[in-house]
Structure formats: C-alpha cells, structure tokens
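K.L.:
upload_3.cif is the file, holding mmCIF, C-alpha atoms and all ligand atoms:
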data_my_file
loop_
_atom_site.label_atom_id
_atom_site.label_comp_id
_atom_site.auth_asym_id
_atom_site.auth_seq_id
_atom_site.Cartn_x
_atom_site.Cartn_y
_atom_site.Cartn_z
CA MET A 945 0.00 0.00 0.00
CA ALA A 946 3.05 2.26 0.19
CA SER A 947 2.65 3.05 -3.48
CA LEU A 948 -0.87 4.34 -2.87
CA PHE A 949 0.54 6.65 -0.25
CA HIS A 950 2.96 8.08 -2.79
CA PHE A 951 0.14 8.37 -5.26
CA LYS A 952 -1.79 10.53 -2.82
CA LYS A 953 1.31 12.52 -2.04
CA TYR A 954 1.68 13.27 -5.71
CA PHE A 955 -1.28 15.62 -5.40
CA CYS A 956 -0.30 18.78 -3.57
CA SER A 957 -3.27 18.73 -1.20
CA LYS A 958 -6.17 16.53 -0.26
CA LYS A 959 -8.52 19.13 -1.66
CA ALA A 960 -6.75 19.11 -5.00
CA PHE A 961 -6.78 15.36 -4.93
CA GLN A 962 -10.54 15.24 -4.33
CA ARG A 963 -11.20 17.80 -7.02
CA THR A 964 -9.13 15.81 -9.48
CA VAL A 965 -10.98 12.63 -8.55
CA GLY A 966 -14.24 14.36 -9.28
CA LEU A 967 -13.08 15.75 -12.58
CA ASN A 968 -11.14 13.01 -14.15
CA VAL A 969 -11.78 9.50 -13.00
CA THR A 970 -10.48 7.96 -16.20
CA VAL A 971 -7.05 9.50 -15.89
CA LEU A 972 -6.90 8.46 -12.25
CA ALA A 973 -7.87 4.92 -13.07
CA LEU A 974 -5.15 4.77 -15.66
CA LEU A 975 -2.62 6.18 -13.23
CA PHE A 976 -3.59 3.82 -10.44
CA VAL A 977 -2.74 0.65 -12.29
CA SER A 978 0.77 1.74 -12.97
CA PHE A 979 1.56 1.41 -9.27
CA ASN A 980 2.65 -1.77 -7.59
CA VAL A 981 -0.24 -3.20 -5.64
CA ALA A 982 -0.95 -6.75 -4.51
CA HIS A 983 -1.58 -9.18 -7.37
CA PRO A 984 -0.90 -6.86 -10.28
CA GLU A 985 -2.14 -7.65 -13.77
CA TRP A 986 -1.53 -7.93 -17.48
CA GLY A 987 -1.03 -4.26 -18.28
CA PHE A 988 -4.04 -2.24 -19.38
CA TRP A 989 -2.64 -2.23 -22.90
CA ALA A 990 -2.50 -6.03 -23.13
CA HIS A 991 -6.01 -6.56 -21.71
CA LYS A 992 -7.49 -4.13 -24.22
CA ARG A 993 -5.55 -5.63 -27.09
CA ILE A 994 -6.65 -9.16 -26.20
CA ASN A 995 -10.37 -8.29 -26.09
CA ARG A 996 -10.14 -6.27 -29.28
CA LEU A 997 -8.39 -8.96 -31.30
CA ALA A 998 -10.81 -11.62 -30.02
CA VAL A 999 -13.72 -9.77 -31.70
CA PHE A 1000 -12.11 -10.31 -35.11
CA ARG A 1001 -12.06 -14.08 -34.57
CA LEU A 1002 -15.84 -14.30 -34.21
CA PRO A 1003 -18.16 -15.54 -36.98
CA PRO A 1004 -20.04 -12.88 -39.00
CA GLU A 1005 -23.29 -13.65 -37.10
CA MET A 1006 -21.61 -12.43 -33.90
CA GLN A 1007 -19.44 -9.73 -35.44
CA VAL A 1008 -22.55 -7.90 -36.57
CA PHE A 1009 -23.08 -6.97 -32.92
CA TYR A 1010 -19.62 -7.32 -31.35
CA LYS A 1011 -17.73 -5.34 -33.97
CA ARG A 1012 -20.13 -2.45 -33.73
CA ASN A 1013 -19.41 -2.34 -30.00
CA ILE A 1014 -15.71 -3.15 -30.24
CA ASP A 1015 -14.66 0.09 -28.55
CA PHE A 1016 -16.78 -0.72 -25.50
CA ILE A 1017 -15.40 -4.26 -25.30
CA THR A 1018 -11.86 -2.90 -25.67
CA GLU A 1019 -12.13 -0.05 -23.17
CA ASN A 1020 -13.97 -2.11 -20.57
CA ALA A 1021 -11.48 -4.98 -20.73
CA VAL A 1022 -9.87 -3.39 -17.68
CA ASN A 1023 -12.99 -2.80 -15.57
CA PRO A 1024 -12.41 -5.80 -13.30
CA ASP A 1025 -9.02 -4.34 -12.35
CA ARG A 1026 -10.49 -0.91 -11.76
CA ARG A 1027 -12.94 -2.28 -9.24
CA ARG A 1028 -10.83 -5.03 -7.69
CA TYR A 1029 -9.84 -3.12 -4.56
CA ALA A 1030 -13.20 -1.41 -4.18
CA VAL A 1031 -15.75 -4.18 -4.71
CA VAL A 1032 -16.00 -7.05 -2.23
CA GLY A 1033 -15.53 -10.42 -3.94
CA GLU A 1034 -13.75 -8.99 -6.98
CA ALA A 1035 -10.06 -9.42 -6.14
CA GLU A 1036 -10.10 -13.23 -5.91
CA ARG A 1037 -11.57 -13.63 -9.41
CA HIS A 1038 -8.23 -12.77 -11.02
CA PHE A 1039 -5.88 -15.52 -9.78
CA ILE A 1040 -5.44 -18.88 -8.09
CA ASP A 1041 -2.54 -19.69 -5.77
CA LEU A 1042 -2.18 -23.30 -6.88
CA ASP A 1043 0.93 -23.95 -4.79
CA VAL A 1044 -1.07 -23.39 -1.60
CA TYR A 1045 -2.76 -26.72 -2.30
CA GLY A 1046 0.53 -28.64 -2.69
CA ASP A 1047 2.16 -30.41 -5.62
CA SER A 1048 -0.99 -32.28 -6.63
CA ALA A 1049 -3.22 -29.18 -6.66
CA LEU A 1050 -4.39 -29.75 -10.20
CA HIS A 1051 -5.46 -33.30 -9.35
CA ILE A 1052 -6.97 -32.48 -5.97
CA LEU A 1053 -9.02 -29.38 -6.75
CA PRO A 1054 -12.63 -30.02 -7.83
CA ARG A 1055 -13.37 -28.79 -11.34
CA PHE A 1056 -16.74 -27.30 -10.41
CA TRP A 1057 -17.48 -24.55 -7.90
CA ASN A 1058 -20.22 -26.23 -5.85
CA GLU A 1059 -18.12 -29.30 -5.21
CA ALA A 1060 -15.09 -27.15 -4.40
CA VAL A 1061 -17.14 -25.19 -1.83
CA ARG A 1062 -18.36 -28.44 -0.29
CA ARG A 1063 -14.90 -29.94 0.00
CA ILE A 1064 -12.69 -26.93 0.72
CA GLY A 1065 -14.99 -24.20 2.00
CA GLU A 1066 -15.81 -20.90 0.33
CA ASP A 1067 -13.67 -18.65 2.55
CA SER A 1068 -10.57 -20.69 1.91
CA LEU A 1069 -11.22 -20.84 -1.83
CA ARG A 1070 -11.72 -17.10 -2.06
CA LYS A 1071 -8.60 -16.41 -0.03
CA HIS A 1072 -6.42 -18.26 -2.54
CA GLY A 1073 -8.17 -17.16 -5.72
CA ILE A 1074 -10.95 -18.57 -7.84
CA VAL A 1075 -10.16 -17.71 -11.47
CA PRO A 1076 -10.77 -21.16 -13.06
CA TRP A 1077 -14.18 -21.40 -11.39
CA HIS A 1078 -15.08 -17.80 -12.08
CA ILE A 1079 -14.44 -18.24 -15.81
CA GLN A 1080 -17.12 -20.96 -15.75
CA ILE A 1081 -19.53 -18.69 -13.84
CA GLY A 1082 -18.84 -15.84 -16.28
CA ALA A 1083 -19.47 -18.13 -19.25
CA PHE A 1084 -22.76 -19.28 -17.73
CA GLN A 1085 -23.87 -15.67 -17.15
CA LEU A 1086 -22.91 -14.66 -20.69
CA THR A 1087 -24.85 -17.61 -22.12
CA GLN A 1088 -27.94 -16.48 -20.18
CA ALA A 1089 -27.55 -12.88 -21.37
CA LEU A 1090 -27.24 -14.10 -24.97
CA LYS A 1091 -30.39 -16.22 -24.59
CA GLU A 1092 -32.21 -13.15 -23.30
CA LYS A 1093 -30.62 -10.95 -25.96
CA ASP A 1094 -29.82 -8.40 -23.27
CA ALA A 1095 -27.36 -6.17 -25.17
CA ARG A 1096 -26.01 -4.31 -22.13
CA ARG A 1097 -25.31 -7.47 -20.18
CA ILE A 1098 -23.82 -9.25 -23.20
CA LEU A 1099 -21.30 -6.47 -23.68
CA ARG A 1100 -20.43 -6.02 -20.02
CA LEU A 1101 -20.11 -9.75 -19.36
CA SER A 1102 -18.07 -10.32 -22.55
CA ALA A 1103 -15.64 -7.56 -21.58
CA ASP A 1104 -15.32 -8.93 -18.02
CA LEU A 1105 -14.96 -12.54 -19.12
CA GLY A 1106 -12.22 -11.54 -21.57
CA HIS A 1107 -10.37 -10.02 -18.63
CA TYR A 1108 -10.57 -13.08 -16.36
CA ILE A 1109 -9.57 -15.42 -19.19
CA ALA A 1110 -6.54 -13.25 -19.98
CA ASP A 1111 -5.54 -13.17 -16.29
CA ALA A 1112 -5.67 -16.98 -16.14
CA HIS A 1113 -2.97 -17.01 -18.84
CA VAL A 1114 -0.45 -15.11 -16.69
CA PRO A 1115 1.97 -17.57 -15.04
CA LEU A 1116 2.38 -15.44 -11.91
CA HIS A 1117 -1.40 -15.49 -11.38
CA THR A 1118 -1.10 -19.12 -10.35
CA THR A 1119 1.27 -18.80 -7.41
CA ARG A 1120 1.34 -17.19 -3.99
CA ASN A 1121 4.78 -15.88 -4.98
CA TYR A 1122 2.89 -13.67 -7.44
CA ASN A 1123 5.34 -10.78 -7.36
CA GLY A 1124 8.53 -12.66 -6.54
CA GLN A 1125 8.16 -11.40 -2.97
CA LEU A 1126 9.12 -14.82 -1.53
CA THR A 1127 12.27 -15.11 -3.65
CA LYS A 1128 13.58 -11.53 -3.50
CA GLN A 1129 12.34 -10.77 -7.02
CA GLU A 1130 9.83 -8.06 -6.18
CA GLY A 1131 8.50 -6.34 -9.26
CA ILE A 1132 8.73 -9.34 -11.56
CA HIS A 1133 4.96 -9.47 -12.07
CA GLY A 1134 4.75 -6.03 -13.62
CA PHE A 1135 7.97 -6.74 -15.48
CA TRP A 1136 6.50 -9.80 -17.21
CA GLU A 1137 2.98 -8.58 -17.85
CA SER A 1138 3.44 -4.85 -18.50
CA ARG A 1139 7.03 -3.92 -19.23
CA LEU A 1140 7.76 -6.75 -21.69
CA PRO A 1141 4.56 -6.35 -23.76
CA GLU A 1142 5.04 -2.57 -23.78
CA LEU A 1143 8.53 -2.97 -25.19
CA PHE A 1144 8.11 -5.92 -27.53
CA ALA A 1145 4.45 -6.64 -28.35
CA GLN A 1146 4.54 -4.62 -31.55
CA ASP A 1147 6.46 -7.57 -33.02
CA TYR A 1148 4.11 -10.26 -31.68
CA ASP A 1149 2.06 -12.28 -34.12
CA LEU A 1150 -1.29 -12.48 -32.37
CA TRP A 1151 -3.45 -13.50 -35.30
CA ILE A 1152 -4.82 -16.95 -34.72
CA GLY A 1153 -7.78 -17.63 -37.05
CA LYS A 1154 -11.44 -18.05 -36.30
CA ALA A 1155 -13.06 -19.03 -33.00
CA VAL A 1156 -13.83 -22.67 -32.34
CA TYR A 1157 -16.46 -24.31 -30.14
CA ARG A 1158 -15.17 -25.70 -26.83
CA GLU A 1159 -17.22 -28.59 -25.56
CA ASN A 1160 -16.09 -28.32 -21.95
CA VAL A 1161 -15.50 -24.81 -20.60
CA ALA A 1162 -14.45 -26.12 -17.19
CA ALA A 1163 -11.75 -28.32 -18.74
CA VAL A 1164 -10.46 -25.41 -20.85
CA ALA A 1165 -10.29 -23.12 -17.81
CA TRP A 1166 -8.31 -25.71 -15.83
CA GLU A 1167 -5.98 -26.50 -18.74
CA THR A 1168 -5.24 -22.79 -18.94
CA VAL A 1169 -4.17 -22.43 -15.32
CA ARG A 1170 -2.22 -25.69 -15.63
CA ASP A 1171 -0.27 -24.30 -18.60
CA SER A 1172 0.27 -20.96 -16.84
CA HIS A 1173 1.56 -22.74 -13.77
CA ALA A 1174 3.92 -24.85 -15.87
CA ALA A 1175 5.41 -21.66 -17.32
CA MET A 1176 5.92 -20.08 -13.90
CA ASP A 1177 9.24 -21.76 -13.08
CA SER A 1178 11.03 -20.27 -16.05
CA VAL A 1179 9.53 -16.81 -15.35
CA LEU A 1180 11.21 -16.83 -11.93
CA LEU A 1181 14.34 -18.87 -12.65
CA PHE A 1182 15.43 -16.95 -15.75
CA GLU A 1183 15.09 -13.63 -13.95
CA LYS A 1184 17.17 -14.94 -11.05
CA LYS A 1185 19.80 -16.36 -13.38
CA LEU A 1186 20.03 -13.18 -15.43
CA THR A 1187 20.24 -11.01 -12.30
CA ALA A 1188 23.20 -13.08 -11.07
CA GLU A 1189 25.03 -12.60 -14.39
CA PHE A 1190 24.07 -9.00 -15.05
CA PRO A 1191 25.95 -5.90 -13.81
CA ALA A 1192 23.85 -4.77 -10.81
CA ASN A 1193 24.00 -1.10 -11.82
CA LYS A 1194 22.52 -1.89 -15.23
CA LYS A 1195 19.49 -3.91 -14.18
CA TYR A 1196 17.27 -0.87 -13.64
CA SER A 1197 16.84 2.49 -15.28
CA TYR A 1198 14.64 5.50 -14.50
CA GLU A 1199 11.83 6.71 -16.72
CA LEU A 1200 9.37 9.54 -16.42
CA ARG A 1201 5.87 8.03 -16.24
CA ASN A 1202 2.82 10.17 -15.62
CA ASN A 1203 5.22 12.88 -14.47
CA VAL A 1204 6.68 10.59 -11.82
CA LEU A 1205 10.25 9.38 -12.04
CA THR A 1206 9.85 5.61 -11.88
CA ARG A 1207 12.44 2.89 -11.47
CA THR A 1208 11.97 0.22 -14.11
CA TYR A 1209 13.86 -2.72 -15.60
CA SER A 1210 16.40 -1.38 -18.10
CA LEU A 1211 15.99 -1.95 -21.81
CA GLU A 1212 19.13 -4.06 -21.86
CA PHE A 1213 17.96 -6.31 -19.01
CA SER A 1214 14.43 -6.52 -20.46
CA THR A 1215 15.73 -7.47 -23.91
CA LYS A 1216 17.92 -10.21 -22.51
CA TYR A 1217 15.14 -11.60 -20.30
CA HIS A 1218 12.68 -11.51 -23.17
CA GLN A 1219 15.11 -13.51 -25.31
CA MET A 1220 15.56 -16.08 -22.54
CA LEU A 1221 11.78 -16.52 -22.28
CA ASP A 1222 11.78 -17.37 -26.00
CA HIS A 1223 8.37 -15.94 -27.02
CA GLN A 1224 6.67 -17.02 -23.81
CA VAL A 1225 4.82 -13.70 -23.31
CA GLU A 1226 3.72 -13.77 -26.94
CA ARG A 1227 2.47 -17.36 -26.62
CA ARG A 1228 0.44 -16.61 -23.49
CA MET A 1229 -1.02 -13.48 -25.03
CA LYS A 1230 -1.90 -15.30 -28.23
CA ALA A 1231 -3.49 -18.15 -26.24
CA SER A 1232 -5.54 -15.50 -24.37
CA VAL A 1233 -6.92 -14.06 -27.62
CA LYS A 1234 -7.81 -17.56 -28.77
CA MET A 1235 -9.59 -18.59 -25.61
CA VAL A 1236 -11.50 -15.32 -25.20
CA ALA A 1237 -12.98 -15.65 -28.69
CA ASP A 1238 -13.54 -19.41 -28.31
CA ILE A 1239 -15.49 -18.96 -25.08
CA TRP A 1240 -17.59 -16.02 -26.35
CA PHE A 1241 -18.42 -18.15 -29.39
CA THR A 1242 -19.18 -21.21 -27.25
CA CYS A 1243 -21.58 -19.17 -25.09
CA TRP A 1244 -23.39 -17.98 -28.22
CA VAL A 1245 -23.72 -21.54 -29.57
CA ASN A 1246 -24.91 -22.81 -26.17
CA ALA A 1247 -27.46 -19.99 -26.07
CA GLY A 1248 -28.97 -21.40 -29.28
CA GLN A 1249 -27.16 -19.07 -31.70
CA PRO A 1250 -29.50 -16.11 -31.16
CA ASP A 1251 -29.86 -13.65 -34.03
CA LEU A 1252 -27.72 -10.73 -32.89
CA SER A 1253 -28.45 -8.69 -36.00
CA THR A 1254 -31.68 -7.50 -34.35
CA MET A 1255 -29.44 -5.64 -31.84
CA LYS A 1256 -27.03 -4.25 -34.40
CA ASP A 1257 -28.22 -0.70 -33.82
CA PHE A 1258 -27.81 -0.92 -30.06
CA SER A 1259 -25.67 1.69 -28.41
CA PHE A 1260 -25.30 2.80 -24.84
CA THR A 1261 -27.41 5.85 -23.97
CA GLU A 1262 -26.19 9.00 -22.32
CA SER A 1263 -27.71 7.84 -19.02
CA ASP A 1264 -25.88 4.47 -19.34
CA ARG A 1265 -22.66 6.37 -19.77
CA LYS A 1266 -23.39 8.59 -16.78
CA ALA A 1267 -24.24 5.57 -14.63
CA GLU A 1268 -20.98 3.92 -15.65
CA GLN A 1269 -18.99 7.04 -14.93
CA SER A 1270 -20.49 7.36 -11.48
CA GLU A 1271 -19.83 3.66 -10.81
CA SER A 1272 -16.16 4.06 -11.76
CA GLN A 1273 -16.00 7.14 -9.60
CA SER A 1274 -17.34 5.17 -6.65
CA TRP A 1275 -14.62 2.52 -7.13
CA ILE A 1276 -11.94 5.19 -7.00
CA ARG A 1277 -13.53 6.88 -4.00
CA LYS A 1278 -13.73 3.57 -2.11
CA LEU A 1279 -10.16 2.81 -3.07
CA PHE A 1280 -8.88 5.93 -1.39
CA GLN A 1281 -11.62 6.07 1.25
CA ILE A 1282 -12.33 9.65 0.43
CA ARG A 1283 -15.05 11.50 2.28
CA PRO A 1284 -16.25 14.18 -0.17
CA GLU A 1285 -17.43 16.43 2.68
CA SER A 1286 -14.06 16.47 4.43
CA ASP A 1287 -11.34 18.96 3.73
CA ASP A 1288 -7.91 19.93 5.03
ZN ZN B 1301 -7.21 -8.85 -13.40
#
Represent the supplied structure as structure tokens.

P.N.:
Amino acid sequence: MASLFHFKKYFCSKKAFQRTVGLNVTVLALLFVSFNVAHPEWGFWAHKRINRLAVFRLPPEMQVFYKRNIDFITENAVNPDRRRYAVVGEAERHFIDLDVYGDSALHILPRFWNEAVRRIGEDSLRKHGIVPWHIQIGAFQLTQALKEKDARRILRLSADLGHYIADAHVPLHTTRNYNGQLTKQEGIHGFWESRLPELFAQDYDLWIGKAVYRENVAAVAWETVRDSHAAMDSVLLFEKKLTAEFPANKKYSYELRNNVLTRTYSLEFSTKYHQMLDHQVERRMKASVKMVADIWFTCWVNAGQPDLSTMKDFSFTESDRKAEQSESQSWIRKLFQIRPESDD
C-alpha cells in the first residue's frame, strides 16, 4: 500500500486530490494501475488488445453486434481491475494460488465450484483465488444474457470474461509468490505482464484464425491455469539467473511516467530476459486471444445461436454512460476512502 501513499502525495493537497478525482476518473484509473499493488495484472494495454483482437475471430453472425461495440469491449477490458480493490468479492476472481494446495493441486481441486465449496470451504477458496471457477460462472452468465438478448449485459459480461480469461494465462497469477516477494524478485509481475509487452508486443504475431467451439469450458479453464503454472518456473528462474550474471547497476533504469520518475527494468535487461523466455509472453497473449474468442463463441452456440443482427443498432445511452462514470467514480472513492465532505 506504500505506493498508494505516494500516489496521494503526488497531489499537492487533499482538496486538489478530491477535485481531481471528481473531474477526471479515467485518468486516475489509468494512473492507479501503474503502481505496484498486490496481485498486479496484465497491463491495461495487453487486456485491451486481447479483447479487441478476439472480436475479429468471431463468426459474421456475432461480429454484426460485437464489432459495432468493439470500442466498448476494448475499453472495458480493464474494468475488473479498476474495481478489484473497491468491490468485495472482486479481487479473488483474477488468480489462483495453486501452490497453496501442494504439488498435486491440479489433481486435488474439484473442477466445479459447488463441489469445491463443499470440500474446501468458500472462505478458503476465495482467499487463494478462484479464477478457473469464475471463468465458468462468467461463461454461464454470458450464455444467459445471450439467450435473453440483453445487449447491455452481453457487452459487459463479454468484456469482463475476456479479462478473467486473460488473467488466467499469466503464469504469476497461479502462485502465492505472485510478485517474486518470496524469492527476492519483487516487481517481476509487472515486469512480465506490462514492461515486456510494452517494449516488444509490436512484433508479436497475435493473429490466430477463427473461433472454435469448446465442448467443456471447465476443462479449458483448468488446462489454462495448468499451462500458466507450468510456465511459472522459467519466469522466476530466468530472472534470477540473469540477475546473477548482469551488472547490478545496469538492471534498472529510471523513466518519467505520468510525471513521476519511476524505477523500471532497463531496456538491456528486459531485452535479454525476453530472449531467454523465447516468445513465452507472446504465446500466453496469443493463447488469451484464442480462448476469449472461443469462449464467447461457445456461449453464443450454447445460447442457441440467437440472431444478434436485431441488436445491431444498439448503443449505450447518455444515461448508461453517466451511470458507468459514477460507478467508476465510486470505485476510485472507495479505493482511497475519500469523504467528499471532508477537507484539510
Ligand atoms: Zn485482473
């Protein structure tokens, strides 16, 4: 939470801070994710890119609606992160600490939520993350919304589901050592999921062809966290190995970000690490795009392939937009526990 303290300090007074919150929630939300907080994420850029590219993999019968609303699905790819520290029950949807359950976690853990609650208990499950189960819940909700042809819910749930699926592809989202804090590698999470894509993703080949139907969403969700977990060792080991070989004074550099001088992994260190990972970030990002589109498509098929062309003229109204803005504002307010009536 120290980073949040610095964030607040960045504003010259509490009053200025509150005024800025009121005026520009979007900018604040963008700023807030660039700070190191518990269980950080794929960067905002990657989440948006994944949702956007997934739309292009859909069949024409879905694109007629999804493509028209592609900006909403792109922009709202990051909503679950914006609300994760403000909405009870949100944070645990983004990860699963598999190692908490021992070496046989993937064999022991029940595939379905109800059985998992029965055998392990809901509090314990939520404490260690629930992403593979929440993907199934999200897919069920999206299928229902598609059956009901509820345009607002379809778009919101698709954007959210894209986010959780992408998170499940991040190796460090499957371990309690999520930021290298147990192995003296603090910062590695943001390094892998933000710094590397920012520097190198322009060269990634993320095109993967059209969406395919997935018979068993639960199995796909669990295969995803299994593959992420299998990739985790190299994420940590390569960084440790490179750090040992690399001149200590060249590992980090300083960059101006949002007018704050920020310590970051140097270009030289990042390039070397990226080479050692041998396209790992690209593979996980590409797999995210594939699964997001596959699951959206699967939900549509399971909903009976509703005719989405009847909603092709749907767009969010001004009051929808205002409601969304005030919701985002409330997340930010809760995050900083601001009392609007108070003043310095
Ligand atoms: Zn997330």

K.L.:
Residues within 8 Å of ligand ZN 1301 (chain B) (all atoms listed in the file), as a list in words?

P.N.:
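Selection of residues at most 8 Å from ligand ZN 1301 (chain B): Pro984, Glu985, Trp986, Val1022, Pro1024, Asp1025, Arg1028, Ala1035, Arg1037, His1038, Phe1039, His1107, Tyr1108, Ala1110 and Asp1111 of chain A.
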
K.L.:
Which is closest to A:Leu1069 among A:His1113, A:Asn1160, A:Asp1041, A:Trp1166, if we use all atoms listed in the file?

P.N.:
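Residue with the minimum atom-to-atom distance to A:Leu1069: A:Asp1041.
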
K.L.:
Determine the nearest neighbour of A:Arg1120 from the options A:Val1044, A:Ala1267, A:Ile1017, A:Val1156, counting only C-alpha atoms.

P.N.:
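Looking at the shortest contact to A:Arg1120, the residue is A:Val1044.
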
K.L.:
Go ahead and compute the interatomic distance for atom CA of A:Pro1141 and atom CA of A:Glu1183, in Å to one decimal.

P.N.:
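Taking atom CA of A:Pro1141 and atom CA of A:Glu1183, their separation equals 16.1 Å.
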
K.L.:
Could the centre and edge lengths of an axis-aligned box, enclosing all atoms of stretch 1076-1084 of chain A in the file with 5 Å extra on each side, be given in Å to one decimal as JSON?

P.N.:
{"center_x": -16.8, "center_y": -18.6, "center_z": -15.3, "size_x": 22.0, "size_y": 15.6, "size_z": 17.9}

K.L.:
Using all atoms listed in the file, which residues sit within 12 Å of A:Met1229 once same-chain residues fewer than 5 positions away are excluded, as number ranges by chain?

P.N.:
A: 986-987, 989-995, 997-998, 1106-1107, 1109-1115, 1136-1138, 1140-1141, 1145, 1148-1152, 1168, 1172, 1223-1224, 1234-1236

K.L.:
Please, what distance in Å, to one decimal, runs between atom CA of A:Ala1192 and atom CA of A:Ala1175?

P.N.:
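For atom CA of A:Ala1192 relative to atom CA of A:Ala1175, the distance reads 25.8 Å.
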
K.L.:
Rank A:Ile1098, A:Leu1143, A:Ala1165, A:Val1225 by their smallest atom-to-atom distance to A:Phe1213, using all atoms listed in the file, and report the top residue only.

P.N.:
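Counting all atoms listed in the file, the residue closest to A:Phe1213 is A:Leu1143.
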
K.L.:
Do a neighbour search on A:Thr1187 at 12 Å with all atoms listed in the file, toss out local chain neighbours closer than 3 positions, and write the hits as a VMD selection string.

P.N.:
chain A and resid 1128 to 1129 1132 1180 to 1184 1190 to 1196 1209 to 1210 1212 to 1214 1216 to 1217

K.L.:
Could you state the separation of atom CA of A:Ser1263 and atom CA of A:Lys1091 in Å, given to one decimal place?

P.N.:
24.8 Å

K.L.:
Since the input lacks some atoms of stretch 1240-1261 of chain A, please model N, CA and C atoms and print them as a JSON list (two decimals), in the coordinates of the input.

P.N.:
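Result written to result25.json:
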[["chain", "number", "residue", "atom", "x", "y", "z"],
["A", 1240, "TRP", "N", -16.45, -16.87, -25.92],
["A", 1240, "TRP", "CA", -17.59, -16.02, -26.35],
["A", 1240, "TRP", "C", -18.43, -16.79, -27.37],
["A", 1241, "PHE", "N", -17.74, -17.41, -28.33],
["A", 1241, "PHE", "CA", -18.42, -18.15, -29.39],
["A", 1241, "PHE", "C", -19.19, -19.34, -28.81],
["A", 1242, "THR", "N", -18.55, -20.05, -27.90],
["A", 1242, "THR", "CA", -19.18, -21.21, -27.25],
["A", 1242, "THR", "C", -20.46, -20.80, -26.51],
["A", 1243, "CYS", "N", -20.40, -19.67, -25.82],
["A", 1243, "CYS", "CA", -21.58, -19.17, -25.09],
["A", 1243, "CYS", "C", -22.71, -18.89, -26.08],
["A", 1244, "TRP", "N", -22.37, -18.31, -27.21],
["A", 1244, "TRP", "CA", -23.39, -17.98, -28.22],
["A", 1244, "TRP", "C", -24.02, -19.26, -28.78],
["A", 1245, "VAL", "N", -23.20, -20.25, -29.06],
["A", 1245, "VAL", "CA", -23.72, -21.54, -29.57],
["A", 1245, "VAL", "C", -24.62, -22.17, -28.51],
["A", 1246, "ASN", "N", -24.13, -22.19, -27.25],
["A", 1246, "ASN", "CA", -24.91, -22.81, -26.17],
["A", 1246, "ASN", "C", -26.21, -22.06, -25.89],
["A", 1247, "ALA", "N", -26.23, -20.79, -26.26],
["A", 1247, "ALA", "CA", -27.46, -19.99, -26.07],
["A", 1247, "ALA", "C", -28.46, -20.24, -27.20],
["A", 1248, "GLY", "N", -28.07, -21.09, -28.16],
["A", 1248, "GLY", "CA", -28.97, -21.40, -29.28],
["A", 1248, "GLY", "C", -28.73, -20.50, -30.48],
["A", 1249, "GLN", "N", -27.54, -19.94, -30.58],
["A", 1249, "GLN", "CA", -27.16, -19.07, -31.70],
["A", 1249, "GLN", "C", -28.21, -17.98, -31.96],
["A", 1250, "PRO", "N", -28.50, -17.16, -30.97],
["A", 1250, "PRO", "CA", -29.50, -16.11, -31.16],
["A", 1250, "PRO", "C", -29.10, -15.14, -32.28],
["A", 1251, "ASP", "N", -30.11, -14.61, -32.95],
["A", 1251, "ASP", "CA", -29.86, -13.65, -34.03],
["A", 1251, "ASP", "C", -29.47, -12.30, -33.44],
["A", 1252, "LEU", "N", -28.19, -11.98, -33.50],
["A", 1252, "LEU", "CA", -27.72, -10.73, -32.89],
["A", 1252, "LEU", "C", -27.91, -9.54, -33.82],
["A", 1253, "SER", "N", -28.30, -9.81, -35.06],
["A", 1253, "SER", "CA", -28.45, -8.69, -36.00],
["A", 1253, "SER", "C", -29.62, -7.78, -35.59],
["A", 1254, "THR", "N", -30.55, -8.33, -34.81],
["A", 1254, "THR", "CA", -31.68, -7.50, -34.35],
["A", 1254, "THR", "C", -31.20, -6.44, -33.35],
["A", 1255, "MET", "N", -29.97, -6.61, -32.82],
["A", 1255, "MET", "CA", -29.44, -5.64, -31.84],
["A", 1255, "MET", "C", -28.33, -4.80, -32.47],
["A", 1256, "LYS", "N", -28.20, -4.89, -33.78],
["A", 1256, "LYS", "CA", -27.03, -4.25, -34.40],
["A", 1256, "LYS", "C", -27.02, -2.73, -34.24],
["A", 1257, "ASP", "N", -28.18, -2.15, -33.99],
["A", 1257, "ASP", "CA", -28.22, -0.70, -33.82],
["A", 1257, "ASP", "C", -28.11, -0.28, -32.36],
["A", 1258, "PHE", "N", -27.90, -1.26, -31.48],
["A", 1258, "PHE", "CA", -27.81, -0.92, -30.06],
["A", 1258, "PHE", "C", -26.60, -0.03, -29.77],
["A", 1259, "SER", "N", -26.83, 0.97, -28.97],
["A", 1259, "SER", "CA", -25.67, 1.69, -28.41],
["A", 1259, "SER", "C", -26.04, 2.17, -27.02],
["A", 1260, "PHE", "N", -25.05, 2.35, -26.20],
["A", 1260, "PHE", "CA", -25.30, 2.80, -24.84],
["A", 1260, "PHE", "C", -25.83, 4.23, -24.86],
["A", 1261, "THR", "N", -26.82, 4.51, -24.01],
["A", 1261, "THR", "CA", -27.41, 5.85, -23.97],
["A", 1261, "THR", "C", -26.55, 6.77, -23.11]]
